[in-house]
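Trainee: File follows, entry-v4.txt with compact mmCIF, C-alpha atoms:
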# COMPACT_ATOMS: atom_id res chain seq x y z
CA MET A 1431 43.70 35.50 -79.24
CA ALA A 1432 43.20 33.23 -82.26
CA TYR A 1433 43.90 33.32 -85.99
CA LEU A 1434 41.55 32.88 -88.93
CA ILE A 1435 43.37 31.87 -92.11
CA LEU A 1436 41.52 32.10 -95.42
CA ALA A 1437 43.15 30.46 -98.45
CA ARG A 1438 42.00 30.32 -102.05
CA HIS A 1439 42.53 27.03 -103.88
CA GLY A 1440 45.39 26.56 -106.34
CA ILE A 1441 44.87 26.95 -110.08
CA THR A 1442 43.08 24.34 -112.20
CA ASN A 1443 43.16 23.63 -115.91
CA TRP A 1444 39.78 25.32 -116.24
CA ASN A 1445 41.17 28.42 -114.52
CA ALA A 1446 44.08 28.43 -116.95
CA GLU A 1447 41.64 28.12 -119.87
CA GLY A 1448 39.44 30.95 -118.58
CA LYS A 1449 36.39 28.75 -117.89
CA TRP A 1450 33.89 29.44 -115.14
CA HIS A 1451 33.82 26.45 -112.76
CA GLY A 1452 30.92 27.30 -110.55
CA ILE A 1453 30.20 24.07 -108.71
CA THR A 1454 31.74 21.84 -111.40
CA ASP A 1455 34.25 19.61 -109.60
CA ILE A 1456 37.60 20.24 -111.31
CA PRO A 1457 40.89 19.26 -109.57
CA ILE A 1458 43.91 21.53 -109.20
CA ASN A 1459 46.78 20.97 -111.62
CA ASP A 1460 50.51 20.67 -110.91
CA GLN A 1461 50.91 24.44 -110.72
CA GLY A 1462 47.97 24.59 -108.32
CA ARG A 1463 49.63 22.03 -106.07
CA GLU A 1464 52.81 24.08 -106.05
CA GLU A 1465 50.84 27.24 -105.18
CA ALA A 1466 49.23 25.39 -102.27
CA ARG A 1467 52.60 24.12 -101.05
CA ARG A 1468 54.04 27.62 -101.24
CA ALA A 1469 51.12 28.92 -99.19
CA GLY A 1470 51.83 26.19 -96.64
CA GLU A 1471 55.48 27.24 -96.40
CA LYS A 1472 54.38 30.77 -95.57
CA LEU A 1473 52.11 29.50 -92.78
CA LYS A 1474 54.73 27.54 -90.85
CA HIS A 1475 54.81 30.23 -88.16
CA LEU A 1476 51.17 29.50 -87.28
CA LYS A 1477 49.60 26.53 -85.51
CA ILE A 1478 46.49 25.13 -87.18
CA ASP A 1479 43.89 23.67 -84.80
CA LYS A 1480 41.04 23.00 -87.19
CA ALA A 1481 40.36 23.26 -90.92
CA TYR A 1482 37.32 23.64 -93.17
CA SER A 1483 36.92 23.43 -96.94
CA SER A 1484 34.15 23.31 -99.48
CA GLU A 1485 32.91 20.01 -100.86
CA LEU A 1486 34.83 20.60 -104.11
CA THR A 1487 37.94 18.59 -104.93
CA ARG A 1488 40.08 21.62 -105.74
CA THR A 1489 39.69 23.04 -102.23
CA LYS A 1490 40.20 19.69 -100.52
CA GLN A 1491 43.37 19.08 -102.55
CA THR A 1492 44.67 22.55 -101.69
CA LEU A 1493 44.01 21.92 -98.01
CA GLU A 1494 45.78 18.57 -98.25
CA GLU A 1495 48.88 20.14 -99.85
CA ILE A 1496 48.99 22.88 -97.21
CA CYS A 1497 48.72 20.38 -94.37
CA ASN A 1498 51.33 18.07 -95.91
CA THR A 1499 53.69 21.03 -96.21
CA LEU A 1500 53.05 21.91 -92.57
CA GLU A 1501 53.54 18.22 -91.67
CA ILE A 1502 50.32 18.13 -89.69
CA SER A 1503 47.23 15.95 -89.66
CA CYS A 1504 44.37 18.07 -90.90
CA PRO A 1505 41.01 16.24 -91.03
CA THR A 1506 38.83 17.74 -93.72
CA ASN A 1507 35.61 19.27 -92.42
CA THR A 1508 33.64 19.97 -95.60
CA THR A 1509 30.47 22.00 -95.99
CA PRO A 1510 28.35 23.15 -98.97
CA ALA A 1511 28.25 26.59 -97.33
CA LEU A 1512 31.83 27.09 -98.57
CA ASN A 1513 31.20 25.93 -102.15
CA GLU A 1514 32.01 28.25 -105.03
CA ARG A 1515 29.37 30.47 -106.53
CA ASP A 1516 27.02 28.65 -108.91
CA TYR A 1517 27.47 30.28 -112.32
CA GLY A 1518 24.24 28.80 -113.65
CA ILE A 1519 23.94 28.96 -117.44
CA TYR A 1520 27.52 30.23 -117.72
CA THR A 1521 29.09 27.24 -115.98
CA GLY A 1522 31.84 25.71 -118.13
CA LYS A 1523 31.84 28.59 -120.60
CA ASN A 1524 34.93 30.62 -121.44
CA LYS A 1525 34.55 33.93 -119.64
CA TRP A 1526 36.30 35.89 -122.38
CA GLN A 1527 33.96 34.50 -125.03
CA VAL A 1528 31.03 35.42 -122.80
CA LYS A 1529 32.45 38.95 -122.60
CA GLU A 1530 32.38 39.20 -126.40
CA GLU A 1531 28.82 37.90 -126.50
CA VAL A 1532 27.26 40.10 -123.80
CA GLY A 1533 29.52 43.19 -123.86
CA GLU A 1534 31.91 44.53 -121.26
CA GLU A 1535 29.32 46.22 -119.03
CA GLU A 1536 27.17 43.12 -118.63
CA PHE A 1537 30.27 40.94 -118.30
CA LEU A 1538 31.59 42.97 -115.37
CA LYS A 1539 28.20 42.71 -113.67
CA LEU A 1540 28.17 38.94 -114.16
CA ARG A 1541 31.70 38.52 -112.90
CA ARG A 1542 32.09 41.02 -110.07
CA SER A 1543 28.84 42.72 -109.05
CA TRP A 1544 27.20 42.30 -105.67
CA ASP A 1545 23.64 41.30 -106.58
CA HIS A 1546 23.39 41.01 -110.38
CA PRO A 1547 21.39 37.82 -111.08
CA ILE A 1548 22.63 34.89 -113.14
CA PRO A 1549 19.98 32.61 -114.68
CA LYS A 1550 19.89 29.31 -112.74
CA GLY A 1551 22.86 30.51 -110.68
CA GLU A 1552 23.88 32.68 -107.74
CA SER A 1553 24.84 36.30 -107.24
CA LEU A 1554 27.64 37.19 -104.83
CA LYS A 1555 24.90 38.28 -102.43
CA ASP A 1556 23.45 34.76 -102.55
CA VAL A 1557 26.86 33.32 -101.69
CA TYR A 1558 27.18 35.83 -98.83
CA ASN A 1559 23.82 34.71 -97.45
CA ARG A 1560 25.03 31.11 -97.07
CA VAL A 1561 28.67 31.59 -96.07
CA VAL A 1562 28.20 34.30 -93.41
CA PRO A 1563 25.77 32.23 -91.28
CA PHE A 1564 28.27 29.35 -91.35
CA TYR A 1565 31.01 31.75 -90.28
CA GLU A 1566 28.95 33.14 -87.40
CA GLU A 1567 27.52 29.80 -86.23
CA VAL A 1568 30.59 27.59 -86.62
CA ILE A 1569 33.88 29.37 -87.34
CA LEU A 1570 33.36 32.25 -84.94
CA LYS A 1571 32.60 29.80 -82.12
CA ASP A 1572 35.89 28.03 -82.86
CA LEU A 1573 37.77 31.33 -82.74
CA LYS A 1574 36.14 32.25 -79.45
CA LYS A 1575 37.53 29.01 -77.99
CA GLY A 1576 41.03 30.15 -78.97
CA ASN A 1577 41.38 27.79 -81.95
CA ASN A 1578 43.34 28.82 -85.03
CA ILE A 1579 41.13 28.05 -88.03
CA LEU A 1580 42.14 27.41 -91.66
CA VAL A 1581 39.43 27.83 -94.31
CA VAL A 1582 40.14 26.78 -97.90
CA SER A 1583 37.58 27.80 -100.49
CA SER A 1584 37.06 29.48 -103.86
CA GLY A 1585 37.45 33.07 -104.95
CA ASN A 1586 33.86 34.28 -104.77
CA THR A 1587 33.12 32.48 -101.53
CA LEU A 1588 36.11 34.10 -99.86
CA ARG A 1589 35.23 37.49 -101.39
CA ALA A 1590 31.80 37.22 -99.75
CA LEU A 1591 33.26 36.24 -96.39
CA ILE A 1592 35.95 38.93 -96.48
CA LYS A 1593 33.26 41.49 -97.35
CA HIS A 1594 31.56 40.61 -94.08
CA ILE A 1595 34.72 40.46 -91.96
CA GLN A 1596 36.18 43.72 -93.27
CA ASN A 1597 32.83 45.47 -93.73
CA ILE A 1598 33.54 46.16 -97.40
CA SER A 1599 30.80 48.09 -99.23
CA ASP A 1600 28.72 46.62 -102.07
CA GLU A 1601 30.54 48.93 -104.48
CA GLU A 1602 34.07 48.25 -103.26
CA ILE A 1603 33.69 44.47 -103.30
CA THR A 1604 33.38 44.65 -107.10
CA LYS A 1605 37.07 45.67 -107.18
CA PHE A 1606 38.29 42.98 -104.78
CA GLU A 1607 39.98 39.82 -106.06
CA LEU A 1608 42.17 37.03 -104.65
CA GLY A 1609 44.92 35.23 -106.55
CA PHE A 1610 45.27 31.47 -106.69
CA GLY A 1611 46.77 30.16 -103.47
CA GLU A 1612 46.47 33.61 -101.88
CA VAL A 1613 46.05 33.68 -98.10
CA TYR A 1614 44.50 36.21 -95.73
CA VAL A 1615 45.43 35.91 -92.06
CA TYR A 1616 43.17 37.57 -89.49
CA GLU A 1617 43.77 38.05 -85.77
CA TYR A 1618 40.78 37.54 -83.51
CA GLN A 1619 40.72 39.20 -80.09
CA GLU A 1620 38.15 37.63 -77.79
CA ASP A 1621 38.17 40.76 -75.64
CA GLY A 1622 35.77 42.91 -77.64
CA GLY A 1623 35.42 40.35 -80.42
CA ASN A 1624 37.57 42.34 -82.82
CA ILE A 1625 38.96 40.67 -85.92
CA THR A 1626 41.64 42.46 -87.92
CA LEU A 1627 43.72 41.64 -90.98
CA ARG A 1628 47.26 40.73 -89.95
CA GLU A 1629 48.87 39.78 -93.27
CA THR A 1630 48.27 38.65 -96.83
CA ILE A 1631 50.33 35.99 -98.57
CA LYS A 1632 50.51 35.91 -102.36
CA GLY A 1633 50.27 32.38 -103.63
CA ASP A 1634 50.07 32.36 -107.44
CA LEU A 1635 53.18 31.76 -109.50
CA LYS A 1636 52.52 34.34 -112.24
Would you kindly transcribe this structure into structure tokens?

Mentor:
Amino acid sequence: MAYLILARHGITNWNAEGKWHGITDIPINDQGREEARRAGEKLKHLKIDKAYSSELTRTKQTLEEICNTLEISCPTNTTPALNERDYGIYTGKNKWQVKEEVGEEEFLKLRRSWDHPIPKGESLKDVYNRVVPFYEEVILKDLKKGNNILVVSSGNTLRALIKHIQNISDEEITKFELGFGEVYVYEYQEDGGNITLRETIKGDLK
């Protein structure tokens, strides 16, 4: 048996301002660090054998805060496969202003839909098509060896991965969201290869 732990990064100033990051490299703020530390406190009952994050500073900082809280050495294994969704022409824009410009229906498609295209950017399906192969080729092999794995990434990347793990439909994934510093803990059973959700840990301070 092994555990897969998925954690969303702590909040950033751009998050607080309602801006779409995409792959823009924005650090977490003081609240985000506290959210990460609180997530770490909730994970003290689990041993972490290996950790992965995206290449973005906000995920690496969140991982660092979690590991410091756990008082463990956690070398950062980064990969572009875990980077946030590229928001293309909407990167850096205030999402609520975009909503006013394009209307609620189009806004919801841009923000939450499965395969609605974004000019010069990625759909959630595009993210799925890069994160799931990494999960199957790297993370799953670690789990099969009995290693407990911590993955720190961004909201859309984790939504795509959770869609795969929990077999969530294209329609239902539009309703799924993770809070800042939120953690999903899965239990992997090598006998049969089953992976099931064990617990969720709320991380944001709202």

Trainee: Near segment 1443-1457 of chain A, counting all atoms listed in the file, which residues have an atom at most 9 Å away, once you skip same-chain residues fewer than 3 positions from it, shown as a list of chain:residue names?

Mentor: A:Gly1462, A:Glu1485, A:Leu1486, A:Thr1487, A:Arg1488, A:Thr1489, A:Gln1491, A:Asn1513, A:Glu1514, A:Arg1515, A:Asp1516, A:Tyr1517, A:Gly1518, A:Tyr1520, A:Thr1521, A:Gly1522, A:Lys1523, A:Asn1524, A:Lys1525, A:Trp1526, A:Gly1551

Trainee: Considering all atoms listed in the file, tabulate each residue of segment 1490-1578 of chain A that lies at most 12 Å from segment 1475-1484 of chain A along with its nearest interatomic pair and the corresponding distance in Å to one decimal; arrange the rows by chain and ascending residue number and present them as a Markdown table.

Mentor:
| residue | atom | partner | partner_atom | distance |
| --- | --- | --- | --- | --- |
| A:Lys1490 | CA | A:Ser1483 | CA | 6.1 |
| A:Gln1491 | CA | A:Ser1483 | CA | 9.6 |
| A:Thr1492 | CA | A:Ser1483 | CA | 9.1 |
| A:Leu1493 | CA | A:Ser1483 | CA | 7.3 |
| A:Glu1494 | CA | A:Ser1483 | CA | 10.2 |
| A:Ile1496 | CA | A:Ile1478 | CA | 10.6 |
| A:Cys1497 | CA | A:Ile1478 | CA | 8.9 |
| A:Leu1500 | CA | A:Ile1478 | CA | 9.1 |
| A:Glu1501 | CA | A:Ile1478 | CA | 10.8 |
| A:Ile1502 | CA | A:Ile1478 | CA | 8.4 |
| A:Ser1503 | CA | A:Ile1478 | CA | 9.5 |
| A:Cys1504 | CA | A:Ala1481 | CA | 6.6 |
| A:Pro1505 | CA | A:Ala1481 | CA | 7.1 |
| A:Thr1506 | CA | A:Tyr1482 | CA | 6.1 |
| A:Asn1507 | CA | A:Tyr1482 | CA | 4.8 |
| A:Thr1508 | CA | A:Ser1483 | CA | 5.0 |
| A:Thr1509 | CA | A:Ser1484 | CA | 5.2 |
| A:Pro1510 | CA | A:Ser1484 | CA | 5.8 |
| A:Ala1511 | CA | A:Ser1484 | CA | 7.1 |
| A:Leu1512 | CA | A:Ser1484 | CA | 4.5 |
| A:Asn1513 | CA | A:Ser1484 | CA | 4.8 |
| A:Glu1514 | CA | A:Ser1484 | CA | 7.7 |
| A:Arg1515 | CA | A:Ser1484 | CA | 11.1 |
| A:Val1561 | CA | A:Ser1484 | CA | 10.5 |
| A:Phe1564 | CA | A:Tyr1482 | CA | 10.9 |
| A:Tyr1565 | CA | A:Tyr1482 | CA | 10.7 |
| A:Val1568 | CA | A:Tyr1482 | CA | 10.2 |
| A:Ile1569 | CA | A:Tyr1482 | CA | 8.9 |
| A:Lys1571 | CA | A:Lys1480 | CA | 12.0 |
| A:Asp1572 | CA | A:Lys1480 | CA | 8.4 |
| A:Leu1573 | CA | A:Lys1480 | CA | 10.0 |
| A:Lys1575 | CA | A:Asp1479 | CA | 10.7 |
| A:Gly1576 | CA | A:Asp1479 | CA | 9.2 |
| A:Asn1577 | CA | A:Asp1479 | CA | 5.6 |
| A:Asn1578 | CA | A:Asp1479 | CA | 5.2 |

Trainee: Could you pull the residues within 10 Å of Leu1538 of chain A, counting all atoms listed in the file, minus those fewer than 5 positions along the same chain, as a list of chain:residue names?

Mentor: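 Surrounding residues, per the criterion: A:Lys1529, A:Val1532, A:Gly1533, A:Ser1543, A:His1546, A:Thr1604.
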
Trainee: In file coordinates, which residues lie within 8 Å of (44.0, 32.6, -101.7) using all atoms listed in the file, given as an mmCIF file with C-alpha atoms, in the frame of the given file?

Mentor:
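Result file is result.cif:
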data_model
loop_
_atom_site.group_PDB
_atom_site.id
_atom_site.type_symbol
_atom_site.label_atom_id
_atom_site.label_comp_id
_atom_site.auth_asym_id
_atom_site.auth_seq_id
_atom_site.Cartn_x
_atom_site.Cartn_y
_atom_site.Cartn_z
ATOM 1 C CA LEU A 1436 41.520 32.100 -95.420
ATOM 2 C CA ALA A 1437 43.150 30.460 -98.450
ATOM 3 C CA ARG A 1438 42.000 30.320 -102.050
ATOM 4 C CA HIS A 1439 42.530 27.030 -103.880
ATOM 5 C CA GLY A 1440 45.390 26.560 -106.340
ATOM 6 C CA VAL A 1582 40.140 26.780 -97.900
ATOM 7 C CA SER A 1584 37.060 29.480 -103.860
ATOM 8 C CA GLY A 1585 37.450 33.070 -104.950
ATOM 9 C CA LEU A 1608 42.170 37.030 -104.650
ATOM 10 C CA GLY A 1609 44.920 35.230 -106.550
ATOM 11 C CA PHE A 1610 45.270 31.470 -106.690
ATOM 12 C CA GLY A 1611 46.770 30.160 -103.470
ATOM 13 C CA GLU A 1612 46.470 33.610 -101.880
ATOM 14 C CA VAL A 1613 46.050 33.680 -98.100
ATOM 15 C CA TYR A 1614 44.500 36.210 -95.730
ATOM 16 C CA ILE A 1631 50.330 35.990 -98.570
ATOM 17 C CA LYS A 1632 50.510 35.910 -102.360
ATOM 18 C CA GLY A 1633 50.270 32.380 -103.630
#

Trainee: Go through A:Val1615, A:Ile1625, A:Val1557, A:Leu1434 one by one, measure the shortest atom-to-atom distance of each to Lys1472 of chain A using only C-alpha atoms, and give the residue with the smallest value.

Mentor: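 Counting only C-alpha atoms, the residue closest to Lys1472 of chain A is A:Val1615.
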
Trainee: Provide the atom CA of Asn1498 of chain A to atom CA of Leu1580 of chain A distance in Å, to one decimal place.

Mentor: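 Going from atom CA of Asn1498 of chain A over to atom CA of Leu1580 of chain A covers 13.8 Å.
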
Trainee: Enter the distance from atom CA of Lys1474 of chain A to atom CA of Tyr1433 of chain A, in Å, rounded to one decimal.

Mentor: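 Value for the atom CA of Lys1474 of chain A-atom CA of Tyr1433 of chain A distance: 13.2 Å.
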
Trainee: Which residue gives the smallest distance to Ile1441 of chain A among A:Arg1463, A:Arg1628, A:Arg1560, A:Arg1542, with all atoms listed in the file counted?

Mentor: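 Result for the nearest residue to Ile1441 of chain A: A:Arg1463.
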
Trainee: Could you please determine the separation between atom CA of Gly1623 of chain A and atom CA of Glu1471 of chain A in Å, to one decimal place?

Mentor: 28.8 Å

Trainee: Would you be able to write out as number ranges by chain which residues have an atom within 7 Å of (39.2, 40.4, -102.2) in the file's coordinates, counting only C-alpha atoms?

Mentor: A: 1589, 1592, 1603, 1606-1608

Trainee: Using all atoms listed in the file, determine which residues lie at most 7 Å from Lys1555 of chain A, disregarding the query and same-chain residues fewer than 3 positions distant; provide the list as a list in words.

Mentor: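 Contacts, in chain order: Trp1544, Asp1545, Tyr1558 and Asn1559 of chain A.
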
Trainee: Calculated over only C-alpha atoms, which of the candidates A:Asp1621, A:Leu1554, A:Ile1579, A:Leu1627 has the smallest distance to Ile1595 of chain A?

Mentor: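 Among the listed residues, the smallest separation from Ile1595 of chain A belongs to A:Leu1627.
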
Trainee: Tell me which of A:Asn1624, A:Thr1630, A:Ile1548, A:Glu1464 sits closest to Glu1536 of chain A, counting all atoms listed in the file.

Mentor: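 Comparing A:Asn1624, A:Thr1630, A:Ile1548, A:Glu1464 against Glu1536 of chain A, the winner is A:Ile1548.
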
Trainee: Using only C-alpha atoms, find the one residue out of A:Gln1619, A:Asn1459, A:Asn1586, A:Thr1626 that sits nearest to Glu1495 of chain A.

Mentor: A:Asn1459

Trainee: Pull out segment 1562-1585 of chain A, keep N, CA and C atoms, and write it as an mmCIF file, in the first residue's frame.

Mentor:
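Final output, out15.cif:
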data_model
loop_
_atom_site.group_PDB
_atom_site.id
_atom_site.type_symbol
_atom_site.label_atom_id
_atom_site.label_comp_id
_atom_site.auth_asym_id
_atom_site.auth_seq_id
_atom_site.Cartn_x
_atom_site.Cartn_y
_atom_site.Cartn_z
ATOM 1 N N VAL A 1562 -1.444 13.327 -17.447
ATOM 2 C CA VAL A 1562 -1.774 11.911 -17.249
ATOM 3 C C VAL A 1562 -0.639 10.989 -17.699
ATOM 4 N N PRO A 1563 0.012 11.216 -18.842
ATOM 5 C CA PRO A 1563 1.165 10.376 -19.179
ATOM 6 C C PRO A 1563 2.274 10.439 -18.137
ATOM 7 N N PHE A 1564 2.518 11.615 -17.564
ATOM 8 C CA PHE A 1564 3.527 11.723 -16.508
ATOM 9 C C PHE A 1564 3.109 10.909 -15.285
ATOM 10 N N TYR A 1565 1.834 10.974 -14.944
ATOM 11 C CA TYR A 1565 1.322 10.186 -13.828
ATOM 12 C C TYR A 1565 1.527 8.694 -14.076
ATOM 13 N N GLU A 1566 1.165 8.235 -15.261
ATOM 14 C CA GLU A 1566 1.233 6.800 -15.556
ATOM 15 C C GLU A 1566 2.670 6.304 -15.716
ATOM 16 N N GLU A 1567 3.547 7.143 -16.265
ATOM 17 C CA GLU A 1567 4.918 6.712 -16.547
ATOM 18 C C GLU A 1567 5.875 6.914 -15.381
ATOM 19 N N VAL A 1568 5.567 7.852 -14.490
ATOM 20 C CA VAL A 1568 6.483 8.181 -13.405
ATOM 21 C C VAL A 1568 5.863 7.942 -12.027
ATOM 22 N N ILE A 1569 4.774 8.651 -11.747
ATOM 23 C CA ILE A 1569 4.190 8.595 -10.400
ATOM 24 C C ILE A 1569 3.657 7.207 -10.081
ATOM 25 N N LEU A 1570 2.947 6.618 -11.022
ATOM 26 C CA LEU A 1570 2.360 5.299 -10.778
ATOM 27 C C LEU A 1570 3.448 4.251 -10.509
ATOM 28 N N LYS A 1571 4.582 4.376 -11.186
ATOM 29 C CA LYS A 1571 5.691 3.444 -10.938
ATOM 30 C C LYS A 1571 6.229 3.604 -9.516
ATOM 31 N N ASP A 1572 6.279 4.875 -9.048
ATOM 32 C CA ASP A 1572 6.700 5.120 -7.666
ATOM 33 C C ASP A 1572 5.735 4.485 -6.678
ATOM 34 N N LEU A 1573 4.450 4.626 -6.933
ATOM 35 C CA LEU A 1573 3.435 4.058 -6.041
ATOM 36 C C LEU A 1573 3.517 2.538 -6.014
ATOM 37 N N LYS A 1574 3.769 1.949 -7.162
ATOM 38 C CA LYS A 1574 3.870 0.491 -7.243
ATOM 39 C C LYS A 1574 5.052 -0.045 -6.444
ATOM 40 N N LYS A 1575 6.062 0.800 -6.233
ATOM 41 C CA LYS A 1575 7.218 0.418 -5.422
ATOM 42 C C LYS A 1575 6.956 0.608 -3.933
ATOM 43 N N GLY A 1576 5.757 1.103 -3.595
ATOM 44 C CA GLY A 1576 5.405 1.312 -2.195
ATOM 45 C C GLY A 1576 5.795 2.669 -1.654
ATOM 46 N N ASN A 1577 6.175 3.614 -2.534
ATOM 47 C CA ASN A 1577 6.573 4.950 -2.103
ATOM 48 C C ASN A 1577 5.365 5.868 -1.945
ATOM 49 N N ASN A 1578 5.359 6.645 -0.872
ATOM 50 C CA ASN A 1578 4.342 7.678 -0.690
ATOM 51 C C ASN A 1578 4.793 8.928 -1.443
ATOM 52 N N ILE A 1579 3.937 9.432 -2.326
ATOM 53 C CA ILE A 1579 4.318 10.497 -3.242
ATOM 54 C C ILE A 1579 3.502 11.766 -2.974
ATOM 55 N N LEU A 1580 4.207 12.888 -2.858
ATOM 56 C CA LEU A 1580 3.572 14.200 -2.729
ATOM 57 C C LEU A 1580 3.728 14.947 -4.046
ATOM 58 N N VAL A 1581 2.615 15.431 -4.579
ATOM 59 C CA VAL A 1581 2.614 16.226 -5.811
ATOM 60 C C VAL A 1581 2.023 17.590 -5.500
ATOM 61 N N VAL A 1582 2.792 18.650 -5.766
ATOM 62 C CA VAL A 1582 2.309 20.015 -5.551
ATOM 63 C C VAL A 1582 2.200 20.695 -6.910
ATOM 64 N N SER A 1583 1.005 21.170 -7.218
ATOM 65 C CA SER A 1583 0.792 21.791 -8.521
ATOM 66 C C SER A 1583 -0.311 22.839 -8.422
ATOM 67 N N SER A 1584 -0.826 23.230 -9.572
ATOM 68 C CA SER A 1584 -1.841 24.284 -9.653
ATOM 69 C C SER A 1584 -3.233 23.690 -9.831
ATOM 70 N N GLY A 1585 -4.225 24.549 -9.700
ATOM 71 C CA GLY A 1585 -5.611 24.090 -9.687
ATOM 72 C C GLY A 1585 -6.034 23.287 -10.895
#
